[in-house]
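The file protein26.cif contains mmCIF, C-alpha atoms:
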```cif
data_final
loop_
_atom_site.label_atom_id
_atom_site.label_comp_id
_atom_site.auth_asym_id
_atom_site.auth_seq_id
_atom_site.Cartn_x
_atom_site.Cartn_y
_atom_site.Cartn_z
CA SER A 1 127.25 96.56 -128.68
CA PHE A 2 125.70 99.78 -127.32
CA SER A 3 124.93 101.57 -130.60
CA ILE A 4 123.28 100.93 -133.95
CA LEU A 5 123.91 102.77 -137.21
CA LEU A 6 120.86 103.20 -139.42
CA GLN A 7 121.22 103.94 -143.13
CA PHE A 8 118.22 105.45 -144.92
CA ASN A 9 117.73 105.93 -148.65
CA GLU A 10 117.72 109.74 -148.48
CA ALA A 11 118.37 112.75 -146.24
CA LEU A 12 116.07 112.97 -143.22
CA SER A 13 114.42 115.81 -141.38
CA PRO A 14 116.56 116.44 -138.26
CA ALA A 15 113.49 117.01 -136.12
CA THR A 16 112.24 113.46 -136.75
CA ALA A 17 115.59 111.73 -137.15
CA ASN A 18 116.86 112.90 -133.73
CA LEU A 19 113.77 111.88 -131.77
CA ALA A 20 114.62 108.67 -129.86
CA SER A 21 110.96 107.79 -129.26
CA ASN A 22 110.53 107.36 -133.03
CA TYR A 23 112.58 104.15 -132.83
CA SER A 24 111.95 100.81 -131.13
CA ILE A 25 114.12 97.68 -130.89
CA SER A 26 112.75 94.20 -130.25
CA ASP A 27 113.71 91.65 -127.60
CA GLY A 28 113.18 93.99 -124.68
CA GLN A 29 115.42 96.81 -125.88
CA GLY A 30 112.60 99.29 -126.53
CA SER A 31 113.46 102.86 -127.51
CA PRO A 32 117.13 103.88 -127.60
CA ALA A 33 118.60 106.28 -125.05
CA SER A 34 119.27 108.82 -127.84
CA ALA A 35 119.24 109.28 -131.61
CA GLU A 36 121.77 111.40 -133.52
CA GLN A 37 121.67 112.32 -137.18
CA LEU A 38 125.24 112.20 -138.56
CA SER A 39 127.09 114.40 -141.06
CA ASP A 40 125.59 112.18 -143.74
CA PRO A 41 121.92 113.23 -143.32
CA ALA A 42 120.74 109.77 -144.40
CA GLN A 43 122.45 108.14 -141.39
CA VAL A 44 121.32 108.00 -137.75
CA ARG A 45 123.23 106.55 -134.80
CA LEU A 46 121.11 105.12 -132.00
CA SER A 47 122.74 104.89 -128.55
CA LEU A 48 121.29 102.04 -126.49
CA GLY A 49 120.55 101.82 -122.80
CA SER A 50 121.76 98.20 -122.57
CA ALA A 51 124.07 95.98 -124.60
CA LEU A 52 122.88 93.84 -127.49
CA GLN A 53 123.15 90.11 -126.84
CA ASN A 54 125.59 87.99 -128.80
CA GLY A 55 123.98 86.00 -131.60
CA VAL A 56 120.46 87.32 -130.96
CA PRO A 57 118.31 88.41 -133.94
CA TYR A 58 116.67 91.83 -133.53
CA THR A 59 114.13 93.92 -135.42
CA ILE A 60 114.27 97.71 -135.32
CA SER A 61 111.22 99.79 -136.20
CA ALA A 62 110.98 103.49 -137.02
CA THR A 63 107.78 105.58 -137.15
CA GLY A 64 107.15 109.26 -137.77
CA ILE A 65 110.33 109.67 -139.84
CA ALA A 66 110.23 112.42 -142.49
CA ASP A 67 112.65 113.23 -145.29
CA ALA A 68 114.25 116.65 -145.78
CA ASN A 69 111.18 117.76 -147.77
CA GLY A 70 108.76 116.83 -145.00
CA ASN A 71 107.42 113.64 -146.60
CA LEU A 72 106.38 111.38 -143.70
CA SER A 73 107.09 107.66 -143.93
CA GLY A 74 104.94 104.82 -142.69
CA VAL A 75 106.33 102.17 -140.31
CA LEU A 76 109.89 101.25 -141.34
CA SER A 77 111.61 98.08 -140.11
CA ALA A 78 114.83 96.18 -140.57
CA SER A 79 116.21 92.97 -139.01
CA PHE A 80 119.75 92.10 -137.99
CA THR A 81 121.73 89.72 -135.80
CA PHE A 82 124.44 91.09 -133.53
CA PHE A 83 127.78 89.25 -133.29
CA ASN A 84 130.51 90.30 -130.88
CA PHE A 85 133.33 88.42 -132.56
CA GLU A 86 136.36 87.43 -130.48
CA PRO A 87 139.63 85.83 -131.59
CA ALA A 88 139.90 82.05 -131.35
CA ALA A 89 142.38 80.62 -128.85
CA PHE A 90 143.99 77.16 -128.87
CA GLN A 91 141.30 74.46 -129.25
CA ASP A 92 138.39 76.92 -129.04
CA ILE A 93 137.42 75.45 -132.41
CA ILE A 94 137.99 71.78 -133.19
CA VAL A 95 137.44 69.49 -136.15
CA SER A 96 134.73 67.12 -134.91
CA GLU A 97 134.10 65.11 -138.08
CA PHE A 98 135.59 64.73 -141.55
CA LEU A 99 135.15 62.65 -144.69
CA PRO A 100 138.42 62.02 -146.53
CA ASP A 101 137.07 59.20 -148.75
CA PRO A 102 133.53 59.96 -150.00
CA THR A 103 133.49 57.21 -152.66
CA PRO A 104 131.39 55.12 -152.87
CA SER A 105 128.67 57.18 -151.21
CA VAL A 106 126.28 55.43 -148.83
CA GLY A 107 124.01 58.48 -148.58
CA LEU A 108 126.07 61.65 -148.14
CA PRO A 109 127.12 63.83 -151.07
CA GLU A 110 130.10 62.26 -152.81
CA GLU A 111 132.32 65.14 -151.69
CA GLU A 112 134.89 65.65 -148.95
CA PHE A 113 133.97 67.78 -145.95
CA LEU A 114 135.06 68.59 -142.44
CA GLU A 115 132.88 69.72 -139.56
CA LEU A 116 133.94 72.39 -137.06
CA TYR A 117 132.63 72.73 -133.50
CA ASN A 118 132.98 75.83 -131.33
CA ARG A 119 133.81 74.64 -127.79
CA SER A 120 134.15 78.17 -126.42
CA SER A 121 131.71 80.81 -125.16
CA LYS A 122 132.82 83.17 -127.98
CA ALA A 123 131.29 84.05 -131.32
CA ILE A 124 134.11 83.49 -133.80
CA ASP A 125 134.47 84.79 -137.36
CA LEU A 126 135.75 81.82 -139.36
CA SER A 127 137.41 84.08 -141.92
CA THR A 128 140.07 84.86 -139.26
CA LEU A 129 141.22 81.22 -139.43
CA ARG A 130 143.24 79.24 -141.97
CA LEU A 131 142.92 75.57 -142.99
CA SER A 132 145.76 73.37 -144.20
CA ASN A 133 146.44 69.70 -144.91
CA GLY A 134 150.17 70.35 -144.69
CA GLY A 135 150.30 72.69 -147.66
CA ALA A 136 149.75 76.44 -147.85
CA PRO A 137 147.05 77.59 -145.38
CA VAL A 138 143.78 78.69 -147.01
CA PRO A 139 141.35 81.17 -145.37
CA LEU A 140 138.10 79.70 -144.13
CA PRO A 141 134.81 81.17 -145.41
CA ASP A 142 133.38 84.40 -144.02
CA ALA A 143 130.82 82.87 -141.65
CA PRO A 144 130.01 83.17 -137.94
CA LEU A 145 130.36 80.19 -135.61
CA LEU A 146 128.44 80.67 -132.36
CA PRO A 147 129.27 78.98 -129.03
CA GLN A 148 128.56 75.22 -128.88
CA SER A 149 127.62 75.21 -132.57
CA TYR A 150 128.60 73.13 -135.60
CA ILE A 151 129.29 74.08 -139.20
CA THR A 152 130.24 71.96 -142.22
CA ILE A 153 133.11 73.22 -144.40
CA CYS A 154 133.18 71.94 -147.97
CA SER A 155 133.87 73.05 -151.52
CA ASP A 156 131.69 75.76 -153.08
CA GLU A 157 130.35 73.17 -155.53
CA ALA A 158 129.08 70.93 -152.71
CA LEU A 159 127.65 73.69 -150.50
CA ASN A 160 124.00 73.36 -151.50
CA GLU A 161 124.08 69.61 -150.88
CA PHE A 162 125.66 69.83 -147.42
CA ALA A 163 123.45 72.78 -146.39
CA GLN A 164 120.54 70.32 -146.34
CA TYR A 165 122.07 68.63 -143.30
CA GLY A 166 122.84 71.71 -141.20
CA PRO A 167 124.86 74.96 -141.19
CA ALA A 168 127.49 74.89 -143.95
CA ALA A 169 129.98 77.19 -145.68
CA GLY A 170 131.85 76.68 -148.93
CA MET A 171 135.46 77.24 -149.98
CA SER A 172 136.70 77.90 -153.49
CA SER A 173 139.85 75.85 -152.70
CA PHE A 174 138.98 73.14 -150.20
CA PRO A 175 142.22 71.26 -149.35
CA ALA A 176 141.92 67.65 -150.49
CA LEU A 177 142.27 65.05 -147.72
CA VAL A 178 144.27 61.88 -148.39
CA ASN A 179 142.22 58.71 -147.82
CA GLY A 180 144.89 56.77 -145.98
CA GLY A 181 146.02 59.59 -143.69
CA ASP A 182 146.83 63.27 -143.66
CA ASP A 183 147.30 66.36 -141.49
CA ILE A 184 144.45 68.74 -140.61
CA LEU A 185 145.63 72.06 -139.25
CA LEU A 186 143.72 75.17 -138.20
CA THR A 187 145.70 78.35 -137.55
CA ASN A 188 144.90 82.02 -137.10
CA ALA A 189 146.15 84.75 -139.44
CA GLN A 190 149.33 85.06 -137.36
CA GLY A 191 150.13 81.35 -137.78
CA ASP A 192 149.28 80.31 -134.22
CA VAL A 193 147.90 76.75 -134.05
CA ILE A 194 144.23 76.50 -133.06
CA PHE A 195 143.78 72.78 -133.79
CA ALA A 196 145.92 70.02 -135.27
CA ILE A 197 145.65 66.29 -135.88
CA ALA A 198 147.45 63.75 -138.08
CA TYR A 199 144.98 60.94 -138.85
CA THR A 200 145.34 57.53 -140.49
CA ASP A 201 142.72 55.16 -141.88
CA GLY A 202 143.33 53.02 -138.77
CA TRP A 203 141.20 55.56 -136.90
CA TYR A 204 138.07 54.06 -138.49
CA ARG A 205 138.47 50.86 -136.46
CA ASP A 206 136.30 49.23 -139.11
CA ILE A 207 137.94 47.82 -142.22
CA ASN A 208 134.74 47.89 -144.29
CA ARG A 209 133.84 51.50 -143.48
CA ALA A 210 137.41 52.60 -144.11
CA ASP A 211 136.87 51.69 -147.78
CA GLY A 212 134.83 54.84 -148.42
CA GLY A 213 131.53 56.63 -147.85
CA TYR A 214 131.79 56.92 -144.06
CA SER A 215 133.12 59.89 -142.11
CA LEU A 216 135.40 59.82 -139.10
CA GLU A 217 133.59 61.19 -136.03
CA ILE A 218 135.03 62.29 -132.70
CA ILE A 219 133.62 60.55 -129.64
CA GLU A 220 134.41 63.06 -126.86
CA LEU A 221 134.33 66.77 -127.77
CA GLU A 222 136.68 67.57 -124.89
CA GLY A 223 139.44 65.46 -126.42
CA PRO A 224 142.07 64.17 -126.60
CA TYR A 225 141.99 65.08 -130.28
CA ASP A 226 145.15 63.36 -131.55
CA CYS A 227 144.25 60.03 -129.95
CA PRO A 228 142.98 57.35 -132.39
CA GLY A 229 140.81 55.92 -129.60
CA ASN A 230 138.71 59.10 -129.55
CA TRP A 231 137.69 58.65 -133.19
CA ARG A 232 135.73 56.00 -135.05
CA ALA A 233 133.77 55.45 -138.24
CA SER A 234 130.34 57.03 -138.27
CA ASP A 235 127.51 54.58 -137.80
CA ALA A 236 124.92 56.92 -139.33
CA THR A 237 122.79 55.44 -142.10
CA ALA A 238 123.91 58.22 -144.46
CA GLY A 239 127.57 57.65 -143.58
CA GLY A 240 128.00 60.77 -141.42
CA THR A 241 126.31 63.61 -139.54
CA PRO A 242 127.62 66.87 -141.08
CA GLY A 243 126.53 70.02 -139.23
CA GLN A 244 124.95 67.95 -136.43
CA PRO A 245 126.04 66.22 -133.19
CA ASN A 246 127.94 63.02 -133.94
CA GLY A 247 126.12 59.73 -133.69
CA VAL A 248 129.07 58.08 -131.91
CA MET A 249 129.32 60.84 -129.29
CA GLY A 250 129.68 59.53 -125.76
CA ARG A 251 130.07 55.90 -126.84
CA GLY A 252 133.24 55.67 -124.81
CA ALA A 253 136.67 56.26 -126.22
CA ASP A 254 138.93 53.26 -126.80
CA ASP A 255 141.48 53.54 -124.00
CA ALA A 256 142.43 49.85 -123.94
CA PRO A 257 145.73 48.90 -125.60
CA PRO A 258 145.67 46.33 -128.42
CA PHE A 259 147.02 42.82 -128.11
CA ALA A 260 148.24 40.20 -130.58
CA LEU A 261 145.89 37.29 -131.28
CA GLN A 262 148.18 35.23 -133.53
CA ALA A 263 151.67 35.13 -134.98
CA ILE A 264 151.68 33.11 -138.20
CA PRO A 265 154.92 32.20 -140.06
CA GLU A 266 154.09 32.65 -143.74
CA SER A 267 157.56 31.71 -144.98
CA THR A 268 161.10 31.34 -143.67
CA MET A 269 161.43 35.15 -143.95
CA GLU A 270 157.95 36.44 -143.06
CA ILE A 271 155.64 36.46 -140.03
CA ARG A 272 152.06 37.74 -140.08
CA ILE A 273 150.71 39.13 -136.79
CA ARG A 274 146.95 39.35 -136.21
CA PHE A 275 145.75 41.92 -133.66
CA ASN A 276 142.41 42.20 -131.87
CA GLU A 277 141.49 45.53 -133.52
CA VAL A 278 142.35 47.89 -136.37
CA MET A 279 145.83 49.25 -135.76
CA ASP A 280 147.55 52.57 -136.42
CA ALA A 281 149.69 52.06 -139.54
CA SER A 282 152.48 54.40 -138.42
CA SER A 283 153.03 52.52 -135.15
CA LEU A 284 153.08 49.16 -136.96
CA ALA A 285 155.90 50.41 -139.21
CA ARG A 286 158.29 50.97 -136.26
CA LEU A 287 160.76 48.06 -136.35
CA GLU A 288 161.93 48.86 -132.82
CA GLY A 289 158.46 47.84 -131.61
CA TYR A 290 159.07 44.17 -132.38
CA ALA A 291 161.30 41.51 -130.81
CA ILE A 292 161.65 37.78 -131.53
CA SER A 293 162.80 35.15 -129.04
CA PRO A 294 165.19 33.51 -129.58
CA SER A 295 166.63 36.67 -131.06
CA ILE A 296 167.12 37.06 -134.82
CA PRO A 297 167.90 40.30 -136.62
CA LEU A 298 164.95 42.23 -138.13
#
```
Structure translated into structure tokens:
Amino acid sequence: SFSILLQFNEALSPATANLASNYSISDGQGSPASAEQLSDPAQVRLSLGSALQNGVPYTISATGIADANGNLSGVLSASFTFFNFEPAAFQDIIVSEFLPDPTPSVGLPEEEFLELYNRSSKAIDLSTLRLSNGGAPVPLPDAPLLPQSYITICSDEALNEFAQYGPAAGMSSFPALVNGGDDILLTNAQGDVIFAIAYTDGWYRDINRADGGYSLEIIELEGPYDCPGNWRASDATAGGTPGQPNGVMGRGADDAPPFALQAIPESTMEIRIRFNEVMDASSLARLEGYAISPSIPL
């Protein structure tokens, strides 16, 4: 963060290449503290007086630079953005939205996607992370994710479509998400868990929107992440908000337990229970959660 390597197209004159005043860096950096031509005479290392800022775009200009034959250049310039990448820790990056059932589309591309949000103060290189739906982890694309920023992850084929909504990166092997429920797991290269959820279609809390075309959006970015009450179907006109803040954000997570509205005997061997809201399918399947009075075996 205190030096810049410049690559020119040919060998330079040392007298001009090593003169720090021949270079200027935007955003208040000004001229470097020193300039040093390297063993490759087409390369110059600039040592800076202050550190470059994370995620800031800069332009560097060079004037009075001559090649080894004395040919003097005009004003040369190049632009770059500096990233001081740091490793992701547990829940630095979260999945904040995903679309497991894109059919039928109500506006979004008819493709699966998931959206990542960087909760941390770090710039994180996504290629250091792996994505899995329970199968073999697949590396994420080579893309930066800056603090408090979103990015949509999708297949390579859908990248151009999702890039219209916000920052996006494509994968050649995007893990397919099961409509009714699946695991979503982010790990680092060493296998340490960064983020994990196991969702069901009960998280939509809307039977109609669970039929397809609408994403699942998180309500509170600070979690809890594995709680169905902190997720709900997107209410966006397009069916989701990829690469952007969620429309349901801050609506208030559902922290009230469900209750039964009716118990209806449908035959001598069956009872149908109607609840006040969409329920989590895995909890409904637990026989130990039910009791009948007077007692009969289940």
Practice task
Would you mind telling me which residue in A:Tyr214, A:Phe259, A:Tyr117, A:Phe174 lies nearest to A:Asn133 when using only C-alpha atoms?
Solution key: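 Ranked by minimum distance to A:Asn133, first place goes to A:Phe174.
Between atom CA of A:Gly229 and atom CA of A:Tyr150 lies a distance of 21.9 Å.
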Problem - A:Thr237, A:Glu288, A:Gln43, A:Ala143 ranked by distance to A:Pro167, top pick (using all atoms listed in the file) - result: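 Counting all atoms listed in the file, the residue closest to A:Pro167 is A:Ala143.
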For the point (132.9, 61.5, -150.3) in file coordinates, what residues are within 7 Å, counting all atoms listed in the file? Give the answer as a JSON list (two decimals) with C-alpha atoms, in the frame of the given file?
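Final output, point-v2.json:
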```
[["chain", "number", "residue", "atom", "x", "y", "z"],
["A", 99, "LEU", "CA", 135.15, 62.65, -144.69],
["A", 100, "PRO", "CA", 138.42, 62.02, -146.53],
["A", 101, "ASP", "CA", 137.07, 59.20, -148.75],
["A", 102, "PRO", "CA", 133.53, 59.96, -150.00],
["A", 103, "THR", "CA", 133.49, 57.21, -152.66],
["A", 105, "SER", "CA", 128.67, 57.18, -151.21],
["A", 109, "PRO", "CA", 127.12, 63.83, -151.07],
["A", 110, "GLU", "CA", 130.10, 62.26, -152.81],
["A", 111, "GLU", "CA", 132.32, 65.14, -151.69],
["A", 112, "GLU", "CA", 134.89, 65.65, -148.95],
["A", 213, "GLY", "CA", 131.53, 56.63, -147.85]]
```
Exercise for the section: Apply the PyMOL selection byres ((chain A and resi 45) around 6) to the file shown and report the selected residues as a PyMOL selection string. Expected result: chain A and resi 4-5+35-36+44+46
Exercise for the section: Can you give me, as a ChimeraX atom specification, the residues this file yields under the PyMOL selection byres ((chain A and resi 66-75) around 8)? Expected result: /A:10-14,16-17,61-65,76-77
Completion exercise
Counting all atoms listed in the file, the residue among A:Gly250, A:Gly202, A:Pro41, A:Pro144 that lies closest to A:Glu222 is A:Gly250
Practice task
Go through A:Glu217, A:Gln244, A:Pro32, A:Ala198 and flag the residue nearest A:Arg232, using only C-alpha atoms for the distances.
Solution key: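 The shortest atom-to-atom distance to A:Arg232 comes from A:Glu217.
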Could you give me, as an mmCIF file with C-alpha atoms, in the frame of the given file, the residues within 8 Å of A:Ser121, counting all atoms listed in the file and dropping anything in the same chain fewer than 6 positions from it?
```
data_model
loop_
_atom_site.group_PDB
_atom_site.id
_atom_site.type_symbol
_atom_site.label_atom_id
_atom_site.label_comp_id
_atom_site.auth_asym_id
_atom_site.auth_seq_id
_atom_site.Cartn_x
_atom_site.Cartn_y
_atom_site.Cartn_z
ATOM 1 C CA LEU A 146 128.440 80.670 -132.360
ATOM 2 C CA PRO A 147 129.270 78.980 -129.030
ATOM 3 C CA GLN A 148 128.560 75.220 -128.880
#
```
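From atom CA of A:Asn18 back to atom CA of A:Ser47, the distance works out to 11.2 Å.
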